[in-house]
Amino acid sequence: MDINKLILPRIRNLQPYSSARSEAIDNEAICMDANENPFVASGRYPDPNQTQLRTAIADFYRLPMEQIMAGNGSDEIIDLLLRAFADVETSTVVIPQPTYGMYEVLAKLQNLDVQRVLLEKDFQLNADAVLDATRGATGIIFLCSPNNPSGNVFQVREVEKVLRNFKGIVVLDQAYVEFSDSPAWRNRINEFPNLVVLQTFSKAWGLASARVGLVFANPLVINALLRMKLPYNVNTSSQQAAIAMLQKSAQVRCWVESLKYERERLVERLAQLPIVERVYPSDANFLLVKFIDANETYDFLKKRGIIVRNRSTDVLCENMLRISIGTVAQNNLLIAVLESFNQAPVGNSSAVQLLNKIV
Ligand SMILES: *Cc1c(COP(=O)(O)O)cnc(C)c1O
């Protein structure tokens with residue numbers, strides 16, 4: 001597959017803005033090229049090539065830096081990918097449902113043709129259904145695994161089938177890969193030239209506030225994205241925060257282990273509640289839970305100061321709430337509040353007041 005042919009001509013032929021700071025600078029250099037304030041460190045523009053951050057990620061994952069770029073959250077990368085590989089006239093964007101909402105919002109913002117395909121009843125991917133929906137056109141297929149909001153990992157066999165048979169870009173969003181035991185797709189970039197993997201520092205890595213998303217892809221894809229992106233898309237403190245987190249990966253592993261343990265504990269506790277119909281198995285840091293009445297449960301929790309995500313209007317998600325795994329105390333409180341449903345009201349205590357008692 002010729003990846004260069006998939007890149008829209010206007011992007012392929014784009015003469016990118018050459019920022020003053022795109023020259024590699026060593027620490028000794030005197031920078032008089034970018035009209036910056038010379039007195040303070042904060043006066044300097046961020047490195048548009050993200051060299052330090054990309055090198056740190058390359059070292060951490062043992063992958064070549066040429067396969068890696070950072071974005072202002074993975075949301076920015078989704079937007080860039082749509083602009084690089086999907087054309088209003090000729091391309092299609094296929095999005096299995098239910099899934100993360102930003103793919104469709106960003107595709108529609110660009111007036112692209114969006115084809116929704118239903119996942120199977122257990123939220124598994126049906127490769128043939130996805131391929132059929134492309135109707136022979138190229139463009140982008142968005143696969144989210146572990147999937148948000150269902151939490152499951154797609155079967156490798158089905159994903160491979162999509163990758164092999166689609167002559168366009170397949171985005172595999174692995175925002176929750178750290179919580180899953182199945183192998184990461186970022187290690188298979190060499191095998192599939194059309195595979196584009198997304199990860200983020202927003203979930204397991206505890207840096208949602210910093211907005212750092214990652215894309216792993218064929219160097220030709222990365223090169224196109226580097227030429228398209230705003231030169232200073234990831235600010236210096238965010239780049240540094242991500243590098244610092246990579247050095248604290250032991251801490252991150254502890255967080256992940258704790259959340260996985262709590263996830264399984266919550267699965268068991270929630271399943272015992274009379275108001276719960278089903279708890280879906282999850283490879284992520286959240287659970288999709290089917291209640292007898294999701295709206296009523298949502299309101300009940302909200303009145304007591306616990307906010308969860310009401311997914312009950314999504315396809316295949318009738319009466320379902322998505323619940324992020326919290327700290328031990330928060331999870332205990334969630335269980336306690338849900339257990340009090342249909343029993344005597346919990347009085348005037350809000351969840352936060354109760355939490356303060358527990359901690
Ligand atoms: C949370 C989430 C993201 C958002 O990532 P950012 O890096 O914070 O933009 C992307 N994809 C999925 C599936 C998510 O759930």
# chains A, B, ... in the order shown; residues from 1 in each chain; ligands from 1
$ residues_near_ligand --ligand "ligand 1" --cutoff "8 Å" --atoms "only C-alpha atoms and all ligand atoms" --output "PyMOL selection string"
chain A and resi 71-76+99-100+102+144-149+173-176+198-203+208+211-214
$ residues_around --residues "Gly206 (chain A)" --least-positions-apart "2" --cutoff "12 Å" --atoms "only C-alpha atoms" --output "list in words"
Glu178, Thr200, Phe201, Ser202, Lys203, Ala204, Ala208, Ser209, Ala210, Arg211, Val212, Ala241, Ala242, Ala244, Met245, Leu246, Lys248, Ser249, Gln251, Val252, Arg253, Cys254, Trp255 and Val256 of chain A
$ residues_around --residues "Arg21 (chain A)" --least-positions-apart "5" --cutoff "8 Å" --atoms "only C-alpha atoms" --output "short mmCIF file (atom, residue, chain, number, x, y, z; two decimals) with N, CA, C and O atoms, in the first residue's frame"
data_model
loop_
_atom_site.label_atom_id
_atom_site.label_comp_id
_atom_site.auth_asym_id
_atom_site.auth_seq_id
_atom_site.Cartn_x
_atom_site.Cartn_y
_atom_site.Cartn_z
N ASP A 33 16.49 34.37 17.15
CA ASP A 33 15.78 34.07 15.90
C ASP A 33 14.27 34.18 16.01
O ASP A 33 13.57 34.13 15.00
N ALA A 34 13.70 34.30 17.21
CA ALA A 34 12.25 34.14 17.33
C ALA A 34 11.56 35.30 18.07
O ALA A 34 10.42 35.17 18.49
N TYR A 45 9.78 29.76 23.00
CA TYR A 45 8.77 28.91 22.38
C TYR A 45 9.09 27.44 22.63
O TYR A 45 10.26 27.07 22.77
N ASP A 47 9.60 23.45 21.66
CA ASP A 47 10.25 22.80 20.52
C ASP A 47 9.18 22.22 19.59
O ASP A 47 8.47 21.29 19.96
N PRO A 48 9.06 22.74 18.37
CA PRO A 48 8.01 22.25 17.47
C PRO A 48 8.22 20.80 17.04
O PRO A 48 7.26 20.12 16.68
#
$ residues_around --residues "Phe216 (chain A)" --least-positions-apart "3" --cutoff "9 Å" --atoms "only C-alpha atoms" --output "PyMOL selection string"
chain A and resi 66-69+186-187+189+195-199+219+222
$ write_last_selection --atoms "C-alpha atoms" --output "tab-separated table (two decimals), in the first residue's frame"
chain	number	residue	atom	x	y	z
A	66	GLU	CA	10.08	8.51	13.47
A	67	GLN	CA	6.94	6.53	14.36
A	68	ILE	CA	5.88	8.93	17.13
A	69	MET	CA	4.30	12.38	17.48
A	186	ARG	CA	1.75	0.32	18.66
A	187	ASN	CA	4.19	-2.60	18.27
A	189	ILE	CA	3.28	-0.40	12.94
A	195	LEU	CA	-2.29	1.34	11.06
A	196	VAL	CA	-2.40	4.52	13.16
A	197	VAL	CA	-2.42	3.99	16.93
A	198	LEU	CA	-3.51	6.61	19.45
A	199	GLN	CA	-2.55	6.69	23.10
A	219	PRO	CA	6.98	7.49	9.41
A	222	ILE	CA	4.02	10.99	11.13
$ atom_distance --atom1 "CA of Tyr298 (chain A)" --atom2 "CA of Leu321 (chain A)"
7.5 Å
$ select_by_dssp --residues "region 188-281 of chain A" --states "helix (DSSP H, G or I)" --output "count of residues only"
49
$ select_by_dssp --residues "region 26-211 of chain A" --states "strand (DSSP E)" --output "PyMOL selection string"
chain A and resi 68-71+92-97+114-118+139-144+169-173+195-200
$ residues_around --residues "Ser312 (chain A)" --least-positions-apart "3" --cutoff "10 Å" --atoms "only C-alpha atoms" --output "PyMOL selection string"
chain A and resi 290-291+293-295+309+315-322
$ write_last_selection --atoms "all heavy atoms" --output "compact mmCIF listing (two decimals), in the first residue's frame"
# COMPACT_ATOMS: atom_id res chain seq x y z
N LYS A 290 -25.54 -1.96 33.31
CA LYS A 290 -26.95 -1.87 32.95
C LYS A 290 -27.80 -1.92 34.21
O LYS A 290 -27.70 -2.87 34.99
CB LYS A 290 -27.32 -3.00 31.99
CG LYS A 290 -28.78 -2.94 31.58
CD LYS A 290 -29.06 -3.75 30.33
CE LYS A 290 -30.48 -3.44 29.86
NZ LYS A 290 -30.77 -3.98 28.56
N PHE A 291 -28.59 -0.87 34.39
CA PHE A 291 -29.48 -0.79 35.55
C PHE A 291 -30.91 -1.08 35.13
O PHE A 291 -31.23 -1.06 33.94
CB PHE A 291 -29.39 0.61 36.18
CG PHE A 291 -28.08 0.87 36.88
CD1 PHE A 291 -26.99 1.36 36.17
CD2 PHE A 291 -27.93 0.63 38.24
CE1 PHE A 291 -25.77 1.59 36.80
CE2 PHE A 291 -26.72 0.87 38.87
CZ PHE A 291 -25.64 1.34 38.15
N ASP A 293 -33.30 0.94 35.87
CA ASP A 293 -33.69 2.25 35.36
C ASP A 293 -32.49 3.20 35.47
O ASP A 293 -32.21 3.73 36.55
CB ASP A 293 -34.89 2.79 36.15
CG ASP A 293 -35.44 4.07 35.54
OD1 ASP A 293 -34.64 4.85 34.96
OD2 ASP A 293 -36.66 4.30 35.63
N ALA A 294 -31.80 3.40 34.36
CA ALA A 294 -30.56 4.18 34.39
C ALA A 294 -30.80 5.64 34.76
O ALA A 294 -30.04 6.22 35.53
CB ALA A 294 -29.85 4.10 33.04
N ASN A 295 -31.86 6.23 34.22
CA ASN A 295 -32.10 7.66 34.49
C ASN A 295 -32.37 7.90 35.98
O ASN A 295 -31.85 8.84 36.57
CB ASN A 295 -33.27 8.18 33.66
CG ASN A 295 -32.90 8.23 32.17
OD1 ASN A 295 -31.72 8.34 31.83
ND2 ASN A 295 -33.90 8.14 31.33
N ARG A 309 -21.53 8.80 34.11
CA ARG A 309 -21.88 9.18 32.74
C ARG A 309 -23.11 8.39 32.29
O ARG A 309 -23.08 7.16 32.29
CB ARG A 309 -20.69 8.86 31.83
CG ARG A 309 -20.78 9.50 30.48
CD ARG A 309 -20.15 10.88 30.53
NE ARG A 309 -19.55 11.18 29.22
CZ ARG A 309 -20.13 11.95 28.32
NH1 ARG A 309 -21.28 12.54 28.58
NH2 ARG A 309 -19.52 12.17 27.17
N VAL A 315 -26.79 3.94 21.15
CA VAL A 315 -27.26 2.67 20.61
C VAL A 315 -26.65 1.52 21.42
O VAL A 315 -25.48 1.59 21.83
CB VAL A 315 -26.87 2.49 19.12
CG1 VAL A 315 -27.81 3.27 18.24
CG2 VAL A 315 -25.43 2.84 18.88
N LEU A 316 -27.42 0.48 21.62
CA LEU A 316 -27.03 -0.73 22.37
C LEU A 316 -26.77 -0.46 23.85
O LEU A 316 -26.28 -1.33 24.57
CB LEU A 316 -25.78 -1.41 21.77
CG LEU A 316 -25.79 -1.79 20.29
CD1 LEU A 316 -24.47 -2.46 19.92
CD2 LEU A 316 -26.95 -2.72 19.96
N CYS A 317 -27.05 0.75 24.31
CA CYS A 317 -26.70 1.11 25.70
C CYS A 317 -27.92 1.47 26.54
O CYS A 317 -27.79 2.23 27.51
CB CYS A 317 -25.72 2.28 25.72
SG CYS A 317 -24.11 1.85 25.08
N GLU A 318 -29.07 0.94 26.18
CA GLU A 318 -30.28 1.28 26.92
C GLU A 318 -30.10 0.97 28.41
O GLU A 318 -29.64 -0.12 28.78
CB GLU A 318 -31.44 0.45 26.35
CG GLU A 318 -32.80 1.06 26.67
CD GLU A 318 -33.93 0.13 26.26
OE1 GLU A 318 -33.69 -0.77 25.44
OE2 GLU A 318 -35.02 0.30 26.78
N ASN A 319 -30.44 1.95 29.22
CA ASN A 319 -30.36 1.82 30.69
C ASN A 319 -28.95 1.59 31.22
O ASN A 319 -28.76 0.97 32.27
CB ASN A 319 -31.30 0.71 31.19
CG ASN A 319 -32.71 1.24 31.38
OD1 ASN A 319 -32.89 2.38 31.83
ND2 ASN A 319 -33.70 0.45 31.03
N MET A 320 -27.97 2.11 30.49
CA MET A 320 -26.59 1.89 30.94
C MET A 320 -25.92 3.18 31.40
O MET A 320 -26.07 4.23 30.78
CB MET A 320 -25.76 1.26 29.83
CG MET A 320 -26.25 -0.15 29.48
SD MET A 320 -25.19 -0.94 28.28
CE MET A 320 -26.31 -2.22 27.70
N LEU A 321 -25.16 3.05 32.48
CA LEU A 321 -24.33 4.14 32.97
C LEU A 321 -22.87 3.71 32.87
O LEU A 321 -22.56 2.53 33.07
CB LEU A 321 -24.65 4.45 34.44
CG LEU A 321 -26.10 4.83 34.77
CD1 LEU A 321 -26.23 5.08 36.27
CD2 LEU A 321 -26.53 6.08 34.00
N ARG A 322 -22.01 4.67 32.55
CA ARG A 322 -20.57 4.39 32.55
C ARG A 322 -19.97 4.98 33.81
O ARG A 322 -20.13 6.18 34.07
CB ARG A 322 -19.91 4.99 31.30
CG ARG A 322 -18.50 4.44 31.06
CD ARG A 322 -17.74 5.30 30.07
NE ARG A 322 -17.48 6.61 30.64
CZ ARG A 322 -17.13 7.68 29.94
NH1 ARG A 322 -17.02 7.62 28.63
NH2 ARG A 322 -16.91 8.85 30.53
$ closest_atom_pairs --of "region 210-327 of chain A" --to "region 83-95 of chain A" --cutoff "9 Å" --atoms "only C-alpha atoms" --output "tab-separated table"
residue	atom	partner	partner_atom	distance
A:Val221	CA	A:Ala84	CA	8.9
A:Ala224	CA	A:Ala84	CA	7.5
A:Leu225	CA	A:Ala84	CA	7.5
A:Met228	CA	A:Ala84	CA	8.1
$ residues_around --residues "region 161-170 of chain A" --least-positions-apart "5" --cutoff "6 Å" --atoms "only C-alpha atoms" --output "number ranges by chain"
A: 127, 138-141, 194-195
$ closest_residue --among "A:Leu8, A:Ile3, A:Val328, A:Leu334" --to "Tyr261 (chain A)" --atoms "only C-alpha atoms"
A:Val328
$ closest_residue --among "A:Thr55, A:Gln97, A:Asn37, A:Asn223" --to "Leu125 (chain A)" --atoms "only C-alpha atoms"
A:Gln97
$ closest_residue --among "A:Gly326, A:Gly151, A:Pro193, A:Pro183" --to "Leu259 (chain A)" --atoms "only C-alpha atoms"
A:Gly326
$ decode --residues "region 288-299 of chain A" --atoms "all heavy atoms" --output "PDB file, in the first residue's frame"
ATOM      1  N   LEU A 288     -19.167  -0.322  32.284  1.00  0.00           N
ATOM      2  CA  LEU A 288     -20.487  -0.055  31.719  1.00  0.00           C
ATOM      3  C   LEU A 288     -21.470  -0.954  32.456  1.00  0.00           C
ATOM      4  O   LEU A 288     -21.271  -2.173  32.515  1.00  0.00           O
ATOM      5  CB  LEU A 288     -20.488  -0.349  30.227  1.00  0.00           C
ATOM      6  CG  LEU A 288     -21.762   0.079  29.489  1.00  0.00           C
ATOM      7  CD1 LEU A 288     -21.900   1.601  29.474  1.00  0.00           C
ATOM      8  CD2 LEU A 288     -21.762  -0.454  28.051  1.00  0.00           C
ATOM      9  N   VAL A 289     -22.475  -0.335  33.046  1.00  0.00           N
ATOM     10  CA  VAL A 289     -23.384  -1.082  33.919  1.00  0.00           C
ATOM     11  C   VAL A 289     -24.819  -0.865  33.462  1.00  0.00           C
ATOM     12  O   VAL A 289     -25.248   0.273  33.250  1.00  0.00           O
ATOM     13  CB  VAL A 289     -23.242  -0.618  35.390  1.00  0.00           C
ATOM     14  CG1 VAL A 289     -24.119  -1.466  36.301  1.00  0.00           C
ATOM     15  CG2 VAL A 289     -21.786  -0.683  35.827  1.00  0.00           C
ATOM     16  N   LYS A 290     -25.540  -1.958  33.311  1.00  0.00           N
ATOM     17  CA  LYS A 290     -26.947  -1.866  32.947  1.00  0.00           C
ATOM     18  C   LYS A 290     -27.796  -1.923  34.208  1.00  0.00           C
ATOM     19  O   LYS A 290     -27.700  -2.867  34.992  1.00  0.00           O
ATOM     20  CB  LYS A 290     -27.325  -2.997  31.986  1.00  0.00           C
ATOM     21  CG  LYS A 290     -28.777  -2.938  31.576  1.00  0.00           C
ATOM     22  CD  LYS A 290     -29.059  -3.747  30.333  1.00  0.00           C
ATOM     23  CE  LYS A 290     -30.480  -3.435  29.864  1.00  0.00           C
ATOM     24  NZ  LYS A 290     -30.773  -3.980  28.563  1.00  0.00           N
ATOM     25  N   PHE A 291     -28.590  -0.868  34.391  1.00  0.00           N
ATOM     26  CA  PHE A 291     -29.479  -0.792  35.552  1.00  0.00           C
ATOM     27  C   PHE A 291     -30.911  -1.080  35.126  1.00  0.00           C
ATOM     28  O   PHE A 291     -31.232  -1.061  33.938  1.00  0.00           O
ATOM     29  CB  PHE A 291     -29.389   0.611  36.181  1.00  0.00           C
ATOM     30  CG  PHE A 291     -28.084   0.875  36.876  1.00  0.00           C
ATOM     31  CD1 PHE A 291     -26.991   1.360  36.167  1.00  0.00           C
ATOM     32  CD2 PHE A 291     -27.932   0.629  38.236  1.00  0.00           C
ATOM     33  CE1 PHE A 291     -25.772   1.594  36.795  1.00  0.00           C
ATOM     34  CE2 PHE A 291     -26.721   0.867  38.867  1.00  0.00           C
ATOM     35  CZ  PHE A 291     -25.640   1.345  38.152  1.00  0.00           C
ATOM     36  N   ILE A 292     -31.764  -1.312  36.107  1.00  0.00           N
ATOM     37  CA  ILE A 292     -33.182  -1.488  35.793  1.00  0.00           C
ATOM     38  C   ILE A 292     -33.730  -0.167  35.252  1.00  0.00           C
ATOM     39  O   ILE A 292     -34.473  -0.149  34.283  1.00  0.00           O
ATOM     40  CB  ILE A 292     -33.958  -1.973  37.043  1.00  0.00           C
ATOM     41  CG1 ILE A 292     -33.551  -3.423  37.316  1.00  0.00           C
ATOM     42  CG2 ILE A 292     -35.464  -1.848  36.828  1.00  0.00           C
ATOM     43  CD1 ILE A 292     -34.037  -3.973  38.617  1.00  0.00           C
ATOM     44  N   ASP A 293     -33.303   0.935  35.865  1.00  0.00           N
ATOM     45  CA  ASP A 293     -33.687   2.254  35.361  1.00  0.00           C
ATOM     46  C   ASP A 293     -32.491   3.202  35.474  1.00  0.00           C
ATOM     47  O   ASP A 293     -32.212   3.732  36.552  1.00  0.00           O
ATOM     48  CB  ASP A 293     -34.892   2.790  36.153  1.00  0.00           C
ATOM     49  CG  ASP A 293     -35.438   4.074  35.538  1.00  0.00           C
ATOM     50  OD1 ASP A 293     -34.638   4.847  34.965  1.00  0.00           O
ATOM     51  OD2 ASP A 293     -36.660   4.299  35.634  1.00  0.00           O
ATOM     52  N   ALA A 294     -31.802   3.404  34.362  1.00  0.00           N
ATOM     53  CA  ALA A 294     -30.559   4.180  34.391  1.00  0.00           C
ATOM     54  C   ALA A 294     -30.803   5.641  34.763  1.00  0.00           C
ATOM     55  O   ALA A 294     -30.044   6.221  35.534  1.00  0.00           O
ATOM     56  CB  ALA A 294     -29.848   4.098  33.042  1.00  0.00           C
ATOM     57  N   ASN A 295     -31.856   6.233  34.221  1.00  0.00           N
ATOM     58  CA  ASN A 295     -32.096   7.656  34.494  1.00  0.00           C
ATOM     59  C   ASN A 295     -32.373   7.899  35.977  1.00  0.00           C
ATOM     60  O   ASN A 295     -31.851   8.842  36.574  1.00  0.00           O
ATOM     61  CB  ASN A 295     -33.267   8.177  33.655  1.00  0.00           C
ATOM     62  CG  ASN A 295     -32.900   8.234  32.175  1.00  0.00           C
ATOM     63  OD1 ASN A 295     -31.717   8.337  31.826  1.00  0.00           O
ATOM     64  ND2 ASN A 295     -33.903   8.142  31.329  1.00  0.00           N
ATOM     65  N   GLU A 296     -33.182   7.014  36.542  1.00  0.00           N
ATOM     66  CA  GLU A 296     -33.513   7.140  37.964  1.00  0.00           C
ATOM     67  C   GLU A 296     -32.243   6.980  38.812  1.00  0.00           C
ATOM     68  O   GLU A 296     -32.008   7.732  39.757  1.00  0.00           O
ATOM     69  CB  GLU A 296     -34.531   6.049  38.315  1.00  0.00           C
ATOM     70  CG  GLU A 296     -35.495   6.442  39.408  1.00  0.00           C
ATOM     71  CD  GLU A 296     -36.438   5.286  39.756  1.00  0.00           C
ATOM     72  OE1 GLU A 296     -36.313   4.195  39.147  1.00  0.00           O
ATOM     73  OE2 GLU A 296     -37.266   5.469  40.636  1.00  0.00           O
ATOM     74  N   THR A 297     -31.426   6.001  38.454  1.00  0.00           N
ATOM     75  CA  THR A 297     -30.188   5.751  39.203  1.00  0.00           C
ATOM     76  C   THR A 297     -29.226   6.931  39.055  1.00  0.00           C
ATOM     77  O   THR A 297     -28.600   7.367  40.020  1.00  0.00           O
ATOM     78  CB  THR A 297     -29.511   4.460  38.692  1.00  0.00           C
ATOM     79  OG1 THR A 297     -30.459   3.408  38.684  1.00  0.00           O
ATOM     80  CG2 THR A 297     -28.338   4.083  39.567  1.00  0.00           C
ATOM     81  N   TYR A 298     -29.151   7.444  37.827  1.00  0.00           N
ATOM     82  CA  TYR A 298     -28.278   8.594  37.573  1.00  0.00           C
ATOM     83  C   TYR A 298     -28.672   9.772  38.460  1.00  0.00           C
ATOM     84  O   TYR A 298     -27.827  10.381  39.118  1.00  0.00           O
ATOM     85  CB  TYR A 298     -28.361   8.989  36.088  1.00  0.00           C
ATOM     86  CG  TYR A 298     -27.555  10.210  35.757  1.00  0.00           C
ATOM     87  CD1 TYR A 298     -26.200  10.102  35.452  1.00  0.00           C
ATOM     88  CD2 TYR A 298     -28.134  11.481  35.780  1.00  0.00           C
ATOM     89  CE1 TYR A 298     -25.443  11.230  35.169  1.00  0.00           C
ATOM     90  CE2 TYR A 298     -27.389  12.614  35.498  1.00  0.00           C
ATOM     91  CZ  TYR A 298     -26.050  12.483  35.199  1.00  0.00           C
ATOM     92  OH  TYR A 298     -25.304  13.593  34.940  1.00  0.00           O
ATOM     93  N   ASP A 299     -29.983  10.081  38.491  1.00  0.00           N
ATOM     94  CA  ASP A 299     -30.464  11.212  39.294  1.00  0.00           C
ATOM     95  C   ASP A 299     -30.222  10.981  40.783  1.00  0.00           C
ATOM     96  O   ASP A 299     -29.829  11.898  41.514  1.00  0.00           O
ATOM     97  CB  ASP A 299     -31.969  11.430  39.051  1.00  0.00           C
ATOM     98  CG  ASP A 299     -32.227  11.961  37.649  1.00  0.00           C
ATOM     99  OD1 ASP A 299     -31.275  12.508  37.040  1.00  0.00           O
ATOM    100  OD2 ASP A 299     -33.366  11.809  37.159  1.00  0.00           O
TER     101      ASP A 299
END
